[in-house]
>>> print(open('coords06.txt').read())   # compact mmCIF, C-alpha atoms
# COMPACT_ATOMS: atom_id res chain seq x y z
CA MET A 178 0.00 0.00 0.00
CA LYS A 179 1.15 3.54 -0.83
CA VAL A 180 -0.01 6.49 1.26
CA VAL A 181 0.53 10.24 0.86
CA HIS A 182 -0.21 12.47 3.86
CA VAL A 183 -1.10 16.05 2.95
CA VAL A 184 -0.43 18.85 5.45
CA ARG A 185 -0.36 22.61 5.27
CA SER A 186 3.32 22.74 6.31
CA LEU A 187 5.81 21.11 8.65
CA GLU A 188 5.88 23.94 11.16
CA PHE A 189 6.08 22.71 14.74
CA GLY A 190 2.59 21.90 16.00
CA GLY A 191 0.57 19.06 17.45
CA ALA A 192 -1.09 17.95 14.20
CA GLU A 193 2.14 18.13 12.21
CA LYS A 194 4.06 16.21 14.86
CA LEU A 195 1.35 13.56 14.95
CA VAL A 196 1.43 13.12 11.15
CA LEU A 197 5.20 12.69 11.27
CA GLU A 198 4.98 10.06 14.01
CA LEU A 199 2.16 8.24 12.22
CA ALA A 200 4.10 8.19 8.93
CA ARG A 201 7.17 6.79 10.69
CA LYS A 202 5.14 4.05 12.35
CA GLN A 203 3.35 3.18 9.10
CA ARG A 204 6.65 2.70 7.33
CA GLU A 205 7.95 0.50 10.16
CA SER A 206 4.72 -1.52 10.07
CA GLY A 207 5.07 -2.53 6.44
CA ILE A 208 3.25 0.09 4.34
CA SER A 209 5.43 0.02 1.24
CA SER A 210 5.53 3.76 0.59
CA VAL A 211 4.68 6.67 2.88
CA GLY A 212 5.23 10.26 1.80
CA LEU A 213 4.37 13.79 2.89
CA ALA A 214 3.03 16.55 0.65
CA CYS A 215 3.09 20.13 1.97
CA LEU A 216 1.23 23.10 0.57
CA ARG A 217 3.87 25.40 2.05
CA GLY A 218 7.60 24.88 2.39
CA GLY A 219 9.89 25.06 5.37
CA GLY A 220 9.02 24.32 8.94
CA LEU A 221 10.94 23.09 11.96
CA LEU A 222 9.85 19.49 11.38
CA MET A 223 11.07 19.35 7.77
CA ASP A 224 14.60 18.22 8.68
CA GLU A 225 13.20 15.70 11.14
CA ALA A 226 11.03 14.15 8.43
CA LEU A 227 13.89 13.97 5.95
CA SER A 228 16.31 12.51 8.49
CA ALA A 229 13.71 9.83 9.23
CA GLY A 230 13.80 8.87 5.54
CA LEU A 231 10.33 10.19 4.75
CA PRO A 232 10.07 11.82 1.31
CA VAL A 233 8.66 15.35 1.50
CA THR A 234 7.28 17.21 -1.52
CA VAL A 235 6.36 20.90 -1.33
CA THR A 236 3.63 21.33 -3.93
CA GLY A 237 2.89 25.02 -3.33
CA THR A 238 -0.24 26.93 -4.25
CA GLY A 239 0.98 29.06 -7.17
CA ARG A 240 -0.44 32.31 -8.54
CA ILE A 241 -4.10 31.29 -8.62
CA ARG A 242 -3.83 29.93 -5.09
CA TYR A 243 -6.72 27.50 -4.81
CA LEU A 244 -6.81 26.18 -8.38
CA SER A 245 -3.02 26.10 -8.66
CA GLY A 246 -2.81 24.17 -5.41
CA ILE A 247 -5.22 21.52 -6.74
CA ARG A 248 -3.32 21.29 -10.03
CA ASN A 249 0.06 20.90 -8.30
CA LEU A 250 -1.21 18.17 -6.00
CA ALA A 251 -2.84 16.35 -8.92
CA ARG A 252 0.55 16.30 -10.68
CA HIS A 253 2.18 14.92 -7.55
CA PHE A 254 -0.47 12.22 -7.06
CA ARG A 255 -0.26 11.22 -10.73
CA ALA A 256 3.50 10.67 -10.31
CA ALA A 257 3.37 9.04 -6.86
CA ARG A 258 0.29 6.88 -7.58
CA PRO A 259 -0.78 6.42 -3.93
CA ASP A 260 -3.50 3.97 -2.95
CA VAL A 261 -4.80 6.45 -0.36
CA VAL A 262 -4.46 10.22 0.15
CA HIS A 263 -4.74 11.19 3.82
CA THR A 264 -5.53 14.87 4.41
CA HIS A 265 -5.05 16.61 7.74
CA ASN A 266 -7.26 19.58 8.61
CA PHE A 267 -9.31 21.66 6.20
CA LEU A 268 -6.75 23.67 4.22
CA SER A 269 -4.91 20.57 3.03
CA HIS A 270 -8.20 18.78 2.38
CA VAL A 271 -9.80 21.42 0.14
CA HIS A 272 -6.75 21.31 -2.13
CA ALA A 273 -5.95 17.59 -2.04
CA ALA A 274 -9.40 16.00 -2.05
CA PRO A 275 -10.53 17.39 -5.46
CA ALA A 276 -7.14 16.44 -6.95
CA ALA A 277 -7.33 12.90 -5.58
CA ARG A 278 -10.94 12.38 -6.63
CA MET A 279 -10.18 13.49 -10.20
CA LEU A 280 -7.65 10.64 -10.33
CA GLY A 281 -9.93 8.12 -8.62
CA ILE A 282 -7.79 7.93 -5.48
CA PRO A 283 -9.62 7.33 -2.17
CA VAL A 284 -9.35 10.07 0.47
CA VAL A 285 -9.22 9.84 4.27
CA HIS A 286 -9.59 13.12 6.17
CA THR A 287 -8.63 13.72 9.81
CA LYS A 288 -9.95 16.66 11.83
CA HIS A 289 -7.37 17.45 14.52
CA GLY A 290 -9.00 20.43 16.20
CA ARG A 291 -12.42 21.93 16.84
CA ALA A 292 -12.33 24.96 14.52
CA VAL A 293 -14.54 24.69 11.43
CA SER A 294 -14.32 28.20 9.99
CA SER A 295 -13.01 27.93 6.42
CA PHE A 296 -15.60 28.67 3.72
CA GLY A 297 -17.98 29.83 6.46
CA TRP A 298 -19.67 32.00 3.82
CA SER A 299 -20.85 28.84 2.04
CA PRO A 300 -21.80 25.93 4.32
CA PRO A 301 -23.08 23.86 1.33
CA LEU A 302 -19.68 24.18 -0.40
CA ARG A 303 -17.91 23.22 2.81
CA ARG A 304 -20.15 20.16 3.23
CA TYR A 305 -19.50 19.20 -0.40
CA LEU A 306 -15.73 19.41 0.08
CA TYR A 307 -15.81 17.34 3.26
CA GLY A 308 -18.08 14.92 1.40
CA LEU A 309 -15.24 14.19 -1.04
CA ALA A 310 -13.63 12.10 1.71
CA ASP A 311 -14.28 8.36 1.71
CA ALA A 312 -13.70 8.35 5.47
CA LEU A 313 -13.90 11.21 7.98
CA VAL A 314 -11.97 10.90 11.24
CA ALA A 315 -11.88 13.01 14.42
CA VAL A 316 -9.20 12.67 17.10
CA SER A 317 -11.70 12.56 19.99
CA GLU A 318 -15.41 12.07 20.59
CA GLU A 319 -15.76 15.72 21.54
CA THR A 320 -13.97 16.84 18.37
CA GLY A 321 -16.29 14.60 16.35
CA ASP A 322 -19.38 16.11 18.00
CA ILE A 323 -18.23 19.68 17.33
CA PHE A 324 -17.15 18.79 13.79
CA SER A 325 -20.60 17.36 13.03
CA LYS A 326 -22.45 20.31 14.55
CA ARG A 327 -20.44 23.03 12.84
CA SER A 328 -20.05 21.36 9.45
CA GLY A 329 -23.57 19.99 9.11
CA LEU A 330 -22.26 16.46 8.52
CA GLU A 331 -24.07 13.47 9.99
CA ARG A 332 -22.34 12.40 13.22
CA SER A 333 -22.56 8.78 12.11
CA ARG A 334 -20.19 9.57 9.22
CA ILE A 335 -17.40 10.65 11.57
CA ARG A 336 -15.24 7.99 13.20
CA VAL A 337 -12.89 8.52 16.13
CA VAL A 338 -9.25 7.47 16.12
CA TYR A 339 -7.46 8.66 19.24
CA ASN A 340 -4.03 10.23 18.83
CA GLY A 341 -1.27 7.90 19.90
CA ILE A 342 2.35 8.21 20.97
CA ASP A 343 5.33 5.88 21.11
CA THR A 344 5.25 5.34 24.87
CA SER A 345 8.67 3.63 24.82
CA ARG A 346 10.26 7.02 24.04
CA TYR A 347 9.08 8.38 27.40
CA THR A 348 10.12 5.63 29.80
CA GLY A 349 13.55 5.37 31.42
CA VAL A 350 14.58 8.74 29.96
CA VAL A 351 17.57 10.62 31.40
CA PRO A 352 16.22 14.07 32.42
CA ALA A 353 17.59 17.19 30.76
CA GLY A 354 20.47 18.57 32.78
CA PRO A 355 23.65 20.70 32.69
CA GLY A 356 25.00 21.21 29.21
CA MET A 357 21.55 21.32 27.61
CA PRO A 358 20.04 24.70 26.63
CA GLY A 359 18.72 26.53 29.68
CA MET A 360 19.52 23.81 32.20
CA ASP A 361 22.84 25.09 33.58
CA GLY A 362 22.65 26.61 37.02
CA LEU A 363 19.60 24.72 38.31
CA GLY A 364 20.16 23.44 41.84
CA SER A 365 19.57 19.75 42.55
CA GLY A 366 16.64 20.62 44.81
CA THR A 367 14.91 22.92 42.31
CA ILE A 368 11.29 21.98 41.57
CA VAL A 369 10.65 22.38 37.86
CA PHE A 370 7.20 23.14 36.50
CA GLY A 371 6.88 22.98 32.73
CA CYS A 372 4.91 22.98 29.52
CA VAL A 373 5.59 21.91 25.93
CA SER A 374 3.73 23.49 23.03
CA ARG A 375 3.83 25.86 20.14
CA LEU A 376 3.97 29.35 21.64
CA ASP A 377 0.47 30.36 20.64
CA PRO A 378 -2.26 32.37 22.44
CA VAL A 379 -4.51 29.28 22.68
CA LYS A 380 -2.00 27.66 25.08
CA ASP A 381 -2.49 30.57 27.53
CA HIS A 382 1.08 31.02 28.76
CA ARG A 383 -0.08 34.20 30.50
CA THR A 384 -2.06 32.13 33.01
CA ILE A 385 0.97 29.87 33.55
CA LEU A 386 3.26 32.85 34.17
CA ARG A 387 0.85 34.57 36.56
CA ALA A 388 0.43 31.36 38.55
CA PHE A 389 4.16 30.69 38.62
CA ALA A 390 4.96 34.25 39.75
CA GLY A 391 2.97 33.67 42.94
CA VAL A 392 4.49 30.24 43.56
CA ALA A 393 8.05 31.50 42.98
CA ALA A 394 7.52 34.39 45.42
CA GLU A 395 6.30 32.01 48.11
CA HIS A 396 8.53 28.97 47.64
CA GLY A 397 11.79 30.24 46.11
CA GLU A 398 13.52 27.07 44.85
CA CYS A 399 11.48 26.48 41.71
CA ALA A 400 11.75 27.10 37.98
CA LEU A 401 9.44 27.21 34.97
CA LEU A 402 10.44 25.41 31.76
CA ILE A 403 8.63 26.57 28.59
CA VAL A 404 9.60 24.28 25.70
CA GLY A 405 8.65 25.27 22.16
CA ASP A 406 8.62 28.26 19.87
CA GLY A 407 6.09 30.33 18.00
CA PRO A 408 4.55 33.76 17.49
CA GLU A 409 3.96 34.42 21.20
CA ARG A 410 7.64 34.22 22.17
CA GLY A 411 8.16 38.00 22.27
CA ARG A 412 5.03 38.55 24.35
CA ILE A 413 6.01 35.79 26.77
CA GLU A 414 9.47 37.34 27.20
CA LYS A 415 7.80 40.69 27.97
CA MET A 416 5.61 39.01 30.59
CA ILE A 417 8.66 37.38 32.19
CA ALA A 418 10.19 40.84 32.65
CA GLU A 419 6.84 42.24 33.80
CA TYR A 420 6.59 39.63 36.57
CA SER A 421 10.33 39.89 37.43
CA LEU A 422 10.90 36.22 36.62
CA GLU A 423 14.24 36.57 34.83
CA GLY A 424 16.48 33.66 35.75
CA LYS A 425 13.54 31.55 36.86
CA VAL A 426 11.96 30.85 33.45
CA ILE A 427 13.82 28.63 30.97
CA MET A 428 12.95 28.84 27.25
CA PRO A 429 15.10 26.42 25.22
CA GLY A 430 12.96 26.89 22.10
CA PHE A 431 12.23 24.12 19.62
CA THR A 432 14.13 20.93 20.43
CA ALA A 433 14.26 17.28 19.45
CA GLU A 434 14.95 16.47 23.12
CA VAL A 435 11.34 16.86 24.31
CA PRO A 436 11.32 13.53 26.25
CA ARG A 437 14.36 14.64 28.28
CA TYR A 438 12.87 18.05 29.06
CA ILE A 439 9.57 16.49 30.15
CA ALA A 440 11.48 14.01 32.34
CA ALA A 441 13.09 17.00 34.09
CA MET A 442 9.67 18.40 35.10
CA GLY A 443 8.09 17.78 38.47
CA MET A 444 4.67 18.85 37.19
CA PHE A 445 3.33 19.47 33.66
CA LEU A 446 1.03 22.47 33.08
CA GLN A 447 -1.34 22.91 30.14
CA PRO A 448 -4.18 25.35 30.93
CA SER A 449 -5.18 25.70 27.25
CA LEU A 450 -8.15 27.72 26.05
CA ASP A 451 -8.93 24.94 23.56
CA GLU A 452 -7.57 21.54 22.51
CA GLY A 453 -8.22 18.70 20.11
CA LEU A 454 -6.51 15.71 21.69
CA SER A 455 -3.20 16.95 23.05
CA LEU A 456 -0.07 14.94 22.26
CA THR A 457 1.96 16.73 24.90
CA ILE A 458 -0.48 15.75 27.66
CA LEU A 459 -0.09 12.15 26.48
CA GLU A 460 3.70 12.54 26.48
CA ALA A 461 3.77 13.95 30.00
CA ALA A 462 1.47 11.19 31.26
CA ALA A 463 3.59 8.51 29.55
CA SER A 464 6.63 10.02 31.30
CA GLY A 465 4.98 9.62 34.70
CA VAL A 466 4.82 13.39 35.26
CA PRO A 467 1.70 14.72 37.07
CA VAL A 468 -0.48 16.86 34.78
CA VAL A 469 -2.61 19.95 35.45
CA VAL A 470 -4.93 20.80 32.56
CA THR A 471 -8.13 22.60 31.63
CA PRO A 472 -11.17 20.41 30.80
CA VAL A 473 -11.39 21.61 27.19
CA GLY A 474 -11.74 19.74 23.90
CA GLY A 475 -10.73 16.10 24.09
CA THR A 476 -8.69 16.51 27.29
CA PRO A 477 -11.37 14.95 29.58
CA GLU A 478 -11.12 11.82 27.39
CA ILE A 479 -7.46 11.54 28.49
CA VAL A 480 -7.53 12.89 32.04
CA GLU A 481 -10.00 12.05 34.80
CA HIS A 482 -9.99 14.77 37.46
CA GLY A 483 -8.65 13.57 40.79
CA VAL A 484 -7.78 10.14 39.36
CA THR A 485 -5.23 10.61 36.55
CA GLY A 486 -4.66 14.35 36.79
CA THR A 487 -6.01 17.69 37.99
CA PHE A 488 -8.36 20.15 36.31
CA VAL A 489 -8.33 23.92 36.65
CA GLU A 490 -10.78 26.23 34.92
CA VAL A 491 -9.73 28.24 31.87
CA GLY A 492 -7.88 31.41 32.90
CA ASP A 493 -7.89 30.49 36.61
CA TRP A 494 -4.32 31.40 37.49
CA ARG A 495 -5.09 31.40 41.22
CA GLY A 496 -6.42 27.84 41.00
CA LEU A 497 -3.36 26.78 39.03
CA SER A 498 -1.09 28.44 41.58
CA THR A 499 -2.87 26.58 44.40
CA VAL A 500 -2.31 23.23 42.68
CA MET A 501 1.37 24.01 42.09
CA SER A 502 1.86 24.96 45.74
CA GLY A 503 0.03 21.78 46.74
CA PHE A 504 2.48 19.76 44.67
CA ILE A 505 5.44 21.37 46.44
CA ARG A 506 3.95 20.51 49.85
CA SER A 507 2.65 17.01 49.02
CA PRO A 508 4.11 15.59 45.78
CA GLU A 509 3.18 11.95 46.53
CA HIS A 510 -0.55 12.61 46.07
CA TYR A 511 0.09 13.86 42.52
CA LYS A 512 2.64 11.16 41.71
CA LYS A 513 0.07 8.45 42.45
CA MET A 514 -2.28 10.03 39.92
CA ALA A 515 0.60 10.25 37.44
CA GLU A 516 1.19 6.49 37.66
CA LYS A 517 -2.48 5.81 36.85
CA ALA A 518 -2.27 8.26 33.93
CA ARG A 519 0.79 6.47 32.58
CA GLN A 520 -1.06 3.15 32.62
CA ARG A 521 -4.08 4.69 30.86
CA VAL A 522 -1.95 6.14 28.05
CA GLU A 523 -0.23 2.80 27.46
CA GLU A 524 -3.60 1.02 27.26
CA LYS A 525 -5.57 3.50 25.12
CA PHE A 526 -3.33 6.06 23.43
CA SER A 527 -0.39 4.15 21.95
CA LEU A 528 1.07 4.85 18.52
CA LYS A 529 0.58 1.18 17.65
CA SER A 530 -3.18 1.30 18.29
CA MET A 531 -3.53 4.51 16.24
CA GLU A 532 -1.56 3.06 13.31
CA SER A 533 -3.64 -0.13 13.36
CA ALA A 534 -6.91 1.83 13.33
CA TYR A 535 -5.83 3.91 10.33
CA ARG A 536 -4.57 0.84 8.49
CA LEU A 537 -8.05 -0.72 8.73
CA ILE A 538 -9.60 2.47 7.36
CA TYR A 539 -7.10 2.58 4.47
CA GLU A 540 -7.82 -1.04 3.59
CA GLU A 541 -11.55 -0.34 3.66
CA VAL A 542 -11.47 2.71 1.38
CA ALA A 543 -8.84 1.25 -0.96
CA GLY A 544 -11.00 -1.86 -1.30
CA LYS A 545 -13.91 0.12 -2.69
CA GLY A 546 -12.31 -0.11 -6.12
CA ARG A 547 -12.43 3.62 -6.81
CA LYS A 548 -8.86 3.75 -8.02
CA ASP A 549 -8.09 2.64 -11.58
>>> encode(input="coords06.txt", output="C-alpha cells")
Amino acid sequence: MKVVHVVRSLEFGGAEKLVLELARKQRESGISSVGLACLRGGGLLMDEALSAGLPVTVTGTGRIRYLSGIRNLARHFRAARPDVVHTHNFLSHVHAAPAARMLGIPVVHTKHGRAVSSFGWSPPLRRYLYGLADALVAVSEETGDIFSKRSGLERSRIRVVYNGIDTSRYTGVVPAGPGMPGMDGLGSGTIVFGCVSRLDPVKDHRTILRAFAGVAAEHGECALLIVGDGPERGRIEKMIAEYSLEGKVIMPGFTAEVPRYIAAMGMFLQPSLDEGLSLTILEAAASGVPVVVTPVGGTPEIVEHGVTGTFVEVGDWRGLSTVMSGFIRSPEHYKKMAEKARQRVEEKFSLKSMESAYRLIYEEVAGKGRKD
C-alpha cells in the first residue's frame, strides 16, 4: 500500500508532529511507501522528516492559489500513484481531495481540532468538500461532535481514532540537565514546573506565568520550563520581565529532546483555552509526570480529574497556583495520579493502536475499487 499524507506545512505543532509520528510508524509496520506533501515549504519538522527517511514534496499553491494548489497536488499524485491520500485539517483537504478524486484515489480526512471556519460564507460548499472524503476521522469524541455540529455532517459519518504516541520514548529517559540549553545553574533541589507546546495564544502562557509568579515568590527554589517556539515568544518574554521572573523561566525553544525536558519536570502544566486531543499531555502522562490541565476539547477523554490528573478552569491562574503549591507541599498525592495516567496512556493512546486503526480504514477505502 502507498499512502501520501497532505499537510499545510511542517511547522512545529501538534497535528504536524502527529502526522510525522504516524508516517514513521506506518513505514515501520510494512506500508510500502509513505510520503508527505506540503502546501507550504519550510518548517521546523522538515529536517526531522527527511532525516527519518520520509520523502517530502512541497507542492505550493501558485499564482491562482486554490486552483493552482489543486493542479500541483494532482501532478504529484499522478507521479506518486498512492493507494490512499490522507488529508489533515481543512486547508490541506480542500486542495488535495478534489485532486485525488479526479484521479480516482480514495481520500481519508482527519480533523485534529475543533475549529470549522473555512468557507464559512458557504456551508453547502464546505459540506461538499468534506463529502469528497471516503472516510472522515476526528481525534476525539468531543472533536467529532463539534465537527458534526459546525459542518452539518451526519455524526454517524465521523469515526474517532485517538491520537497515539510511542510510549517507549518516554520511559527510562535521562532528564535534561547541565549542558543542555537553559539547564545550567539549576540546583539539585529545584522543583521544575513545565509545559511543551507551540507558543500560541490558545495555550495561555499568561495564566501559567501569573500562577508561577505567585508560587516562585512564596517557595523560592522552583523554575518554569517553557519548551517550544512560535509567534507568542516575544510577548512571553515581555511578561517574564513584567513579573520579574528573569532567571527563573527557561525557554530552550524548539528541540528534538522533548522527552528529556519532560522528564526534568516535576509537574506538567497545560491550561489551554482549547484543545483537540493533546499529544503533549499524552507525552507527560507517559513520562509519569503529574499533569494539570483545563477540561477543554478532548482533554477529559485523556484525564480524569482527581484520578489521573487535575483540572483547573480556563484562565484560573489562582487555582493553578494553588495546585502548584500543593504539589510542592505534598508531591506523593500527585505522583500516584501520574502512575495511573501512565497506565491509561499505554492502554488506550499508543502509537501502535492509532496506526492499526488507520490501516483498517485505508484497507476499507482502498478496497472500494475507486482507483483505476
>>> closest_residue(input="coords06.txt", among="A:Ala400, A:Arg217, A:Gly281, A:Leu537", to="Asp260 in chain A", atoms="all atoms listed in the file")
A:Gly281
>>> closest_residue(input="coords06.txt", among="A:Leu227, A:Val369, A:Ile403, A:Val284", to="Asp311 in chain A", atoms="all atoms listed in the file")
A:Val284
>>> closest_residue(input="coords06.txt", among="A:Ala312, A:Ala418, A:Ala462, A:Val489", to="Thr384 in chain A", atoms="only C-alpha atoms")
A:Val489
>>> closest_residue(input="coords06.txt", among="A:Val392, A:Leu195, A:Val379, A:Leu221", to="Val473 in chain A", atoms="all atoms listed in the file")
A:Val379
>>> closest_residue(input="coords06.txt", among="A:Ser502, A:Ser206, A:Thr457, A:Ser421", to="Thr476 in chain A", atoms="only C-alpha atoms")
A:Thr457
>>> atom_distance(input="coords06.txt", atom1="CA of Val235 in chain A", atom2="CA of Tyr535 in chain A")
23.9 Å
>>> residues_around(input="coords06.txt", residues="Arg375 in chain A", least_positions_apart="4", cutoff="6 Å", atoms="all atoms listed in the file", output="PyMOL selection string")
chain A and resi 190+405-407
>>> closest_residue(input="coords06.txt", among="A:Ile439, A:Leu454, A:Ala390, A:Ile208", to="Thr320 in chain A", atoms="only C-alpha atoms")
A:Leu454
>>> residues_around(input="coords06.txt", residues="Asp381 in chain A", least_positions_apart="3", cutoff="12 Å", atoms="only C-alpha atoms", output="PyMOL selection string")
chain A and resi 372-378+384-388+403+409+412-413+446-452+470-471+490-494
>>> atom_distance(input="coords06.txt", atom1="CA of Gly474 in chain A", atom2="CA of Met223 in chain A")
27.9 Å
>>> atom_distance(input="coords06.txt", atom1="CA of Arg437 in chain A", atom2="CA of Thr287 in chain A")
29.5 Å
>>> residues_around(input="coords06.txt", residues="Gly366 in chain A", least_positions_apart="3", cutoff="12 Å", atoms="only C-alpha atoms", output="MDAnalysis selection string")
chainID A and resid 362:363 369 396:400 441 443 505
>>> write_last_selection(input="coords06.txt", atoms="C-alpha atoms", output="short mmCIF file (atom, residue, chain, number, x, y, z; two decimals), keeping the file's coordinate frame")
data_model
loop_
_atom_site.label_atom_id
_atom_site.label_comp_id
_atom_site.auth_asym_id
_atom_site.auth_seq_id
_atom_site.Cartn_x
_atom_site.Cartn_y
_atom_site.Cartn_z
CA GLY A 362 22.65 26.61 37.02
CA LEU A 363 19.60 24.72 38.31
CA VAL A 369 10.65 22.38 37.86
CA HIS A 396 8.53 28.97 47.64
CA GLY A 397 11.79 30.24 46.11
CA GLU A 398 13.52 27.07 44.85
CA CYS A 399 11.48 26.48 41.71
CA ALA A 400 11.75 27.10 37.98
CA ALA A 441 13.09 17.00 34.09
CA GLY A 443 8.09 17.78 38.47
CA ILE A 505 5.44 21.37 46.44
#
>>> residues_around(input="coords06.txt", residues="range 265-275 of chain A", least_positions_apart="4", cutoff="9 Å", atoms="all atoms listed in the file", output="PyMOL selection string")
chain A and resi 182-185+192-193+196+215-216+238+243-248+250-251+279-280+282-290+293+295+303+306-307+309-310
>>> residues_around(input="coords06.txt", residues="Pro232 in chain A", least_positions_apart="5", cutoff="8 Å", atoms="all atoms listed in the file", output="list in words")
Val211, Gly212, Leu213, Ala226 and Leu227 of chain A
>>> write_last_selection(input="coords06.txt", atoms="C-alpha atoms", output="mmCIF file, keeping the file's coordinate frame")
data_model
loop_
_atom_site.group_PDB
_atom_site.id
_atom_site.type_symbol
_atom_site.label_atom_id
_atom_site.label_comp_id
_atom_site.auth_asym_id
_atom_site.auth_seq_id
_atom_site.Cartn_x
_atom_site.Cartn_y
_atom_site.Cartn_z
ATOM 1 C CA VAL A 211 4.680 6.670 2.880
ATOM 2 C CA GLY A 212 5.230 10.260 1.800
ATOM 3 C CA LEU A 213 4.370 13.790 2.890
ATOM 4 C CA ALA A 226 11.030 14.150 8.430
ATOM 5 C CA LEU A 227 13.890 13.970 5.950
#
>>> closest_atom_pairs(input="coords06.txt", of="range 402-450 of chain A", to="range 352-361 of chain A", cutoff="7 Å", atoms="only C-alpha atoms", output="JSON lines")
{"residue": "A:Ile427", "atom": "CA", "partner": "A:Gly359", "partner_atom": "CA", "distance": 5.5}
{"residue": "A:Met428", "atom": "CA", "partner": "A:Gly359", "partner_atom": "CA", "distance": 6.7}
{"residue": "A:Pro429", "atom": "CA", "partner": "A:Pro358", "partner_atom": "CA", "distance": 5.4}
{"residue": "A:Arg437", "atom": "CA", "partner": "A:Pro352", "partner_atom": "CA", "distance": 4.6}
{"residue": "A:Tyr438", "atom": "CA", "partner": "A:Ala353", "partner_atom": "CA", "distance": 5.1}
{"residue": "A:Ala440", "atom": "CA", "partner": "A:Pro352", "partner_atom": "CA", "distance": 4.7}
{"residue": "A:Ala441", "atom": "CA", "partner": "A:Pro352", "partner_atom": "CA", "distance": 4.6}
